[in-house]
Structures are given as structure tokens and as C-alpha cells.
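A short write-up of the structure that comes next.
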Amino acid sequence: MDVYINARVNFLSPAKFEGYRKIRNIHFQDLMKMPIDKIDNLTLQNSINKESMKYAPKTVCNAYGLISSVLALNSYYKYHVSLPRKQKKYKILPPPQEIMRIVKDTDIELPVLLAMWLSFRMSELKGLKKSDIHNRVITVNRAMVYVNGEYVEKHSTKTPSSRRKLVTPDYIYSLIEQLPEEQEYLVTLSGAQIYQRFTHLLEINNIPHTTFHDLSSINASVMLMLGIPDKYAMERGGWETDCILKSVYQQTFSAERQEVDRKIDAYFESLREA
């Protein structure tokens, strides 16, 4: 496992590498010192069962994904095991106007609106600089990931489709203009600080627990409610698919796309002014 991980250090994102090391150090520990040729179906299944008693199905499946890759490269044995089924979770998200109300005039208003209005991931908004904005257009071309206790700037995004351009809405642009002139990064608070302050605002306003990542789900739900075609929703959110939507980015500023931007901006502006 160590050999497998270290051989890919130059090809993995810092976050992915850190995730692999975490799996190596925490999960399937009963297999770690066992010779690979001694690991059969029953041994592997028993280990999966033990993991399932301690961790969520998604966590077990992710850890097994790495384990199975290592075994596949080092053994001719064909493994046939059962993995825990991932449970579909239903979550009621708060209305966007409630989120806008509680973050108004706080130091997390900008990052929250970037996430909910423009569907920025935490790593993306942490990497945003003023120099990424030209003629009111934000170009997403880097991320800032937290590895080994510090932020590392990564000159790429989570997936190729995450590279995208977004027109900055008037209100968000006004918040950016209010930042100190010498401040290059749009967001200087750490991810933990943003999350803690966001969670605190939810609690004192009696709003059900919502993760920062849920803000992207609110964005997607708003686009569904407004009848935004999948083509433009995927483009704005930078979500990767296995269909033709992967290759629509050259049409980012077509007349139709501009109408989509106007429609979404008008919706959020109406909430802010309500």
C-alpha cells in the first residue's frame, strides 16, 4: 500500500494523497501486516464487516476502493466480496433567503454567497484572487486545499469541468470592491473558521444544521426551480458528467447563457431586497 501511494504522489492532488494516507493509517488495519497471498475472500469479507460496524457505508466503500486497487496489482486472486449499501439520505435544505438574511453584513457573507449564488466549492473560493476577475468575469483556475495542517495552492481544479468562467453579480462585486486594497485573496478566513461561524449563525437563528457544501445543493435546487436547462446548470456549477455537457464550455457566454445568468441574478437580488 505504501508503495502504491508513494508511486502516485506526483499524480495525485494533495487532498487525494492525504485521503489515501488516512485510509492507510486508519482503515483495514487487520490486513496491513498480512501477506497478500494469505488474503482470500473470507478474510477480506470479514475485514469489510468489521469496518462496516465502525464506519458509514460510503467511508467503507471508499477505503475498499484503495484496498482493491492495491490487491489487484499484487495478486492474481479474484476477489468476490459484498460491500455495505450506501443509504440515500434525504435532507431538507433551508430556503436561500434565510441563509442570505443570517450572513448579511457578517465577515462570512462573501464566501457564503459565492458558494450559494455561484456554486463555488470551499477549495475554489479559498483560491480566488482579485486578479482572477477581468471585466466582472471570474475565472476559476485554481484551488486551495488543506494538507498536513496548512493550505496548499493547487494550480488546477477538482475536475477539468470545474474550470469555468462566471459573471460576477452586482451585489457580490460590491462586496469584493469593499475588500482592503492590499488583500489579494477574496477569502482570507480558513475553511474551519468559515464553517464554525456559519454553523454558529445557523444555531442562533434556529435553522437546521446545514453544511457549507450544502450551499452548492441549494444553488442546484434553485436552478431546478427556475427551470434552468441541465446544460447551463452543469456549466455554471462545474459539475462533471459522462455526456456531451463536458464539452459545452466554449459556449459559456452565448446569448442563451447570458439570459440564464440574468435570470439567476435577478432571483437572488429579489431575495436580498425583500
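Please note that chains go A, B, ... in the order of the C-alpha cells, that every chain numbers its residues from 1, and that ligands are numbered from 1 in the order shown.
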
Just want the 9 Å neighbourhood of segment 91-102 of chain A, counted on only C-alpha atoms, with same-chain residues fewer than 5 positions away dropped. Output as a PyMOL selection string. chain A and resi 109+112-113+116+198+201-202+205+207-210+214-215+217-219+222+268+271-272+274

For segment 23-26 of chain A: contacts at 12 Å, only C-alpha atoms, fewer than 6 positions along chain excluded, given as a ChimeraX atom specification: /A:1-6,16-17,32-33,51,54-55,59-67,70

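Among the candidates A:Ile39, A:Leu166, A:Thr188, A:Pro84, the one nearest to Trp117 of chain A when counting only C-alpha atoms is A:Leu166.
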
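When the distance limit is 8 Å and only C-alpha atoms are what count, the residues near Met122 of chain A, minus those fewer than 5 positions from it on the same chain, are A:Ala115, A:Gly191, A:Phe212, A:His213.
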
Could you state the separation of atom CA of Asp40 of chain A and atom CA of Ser52 of chain A in Å, given to one decimal place?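 Spanning atom CA of Asp40 of chain A to atom CA of Ser52 of chain A is a straight-line distance of 18.4 Å.
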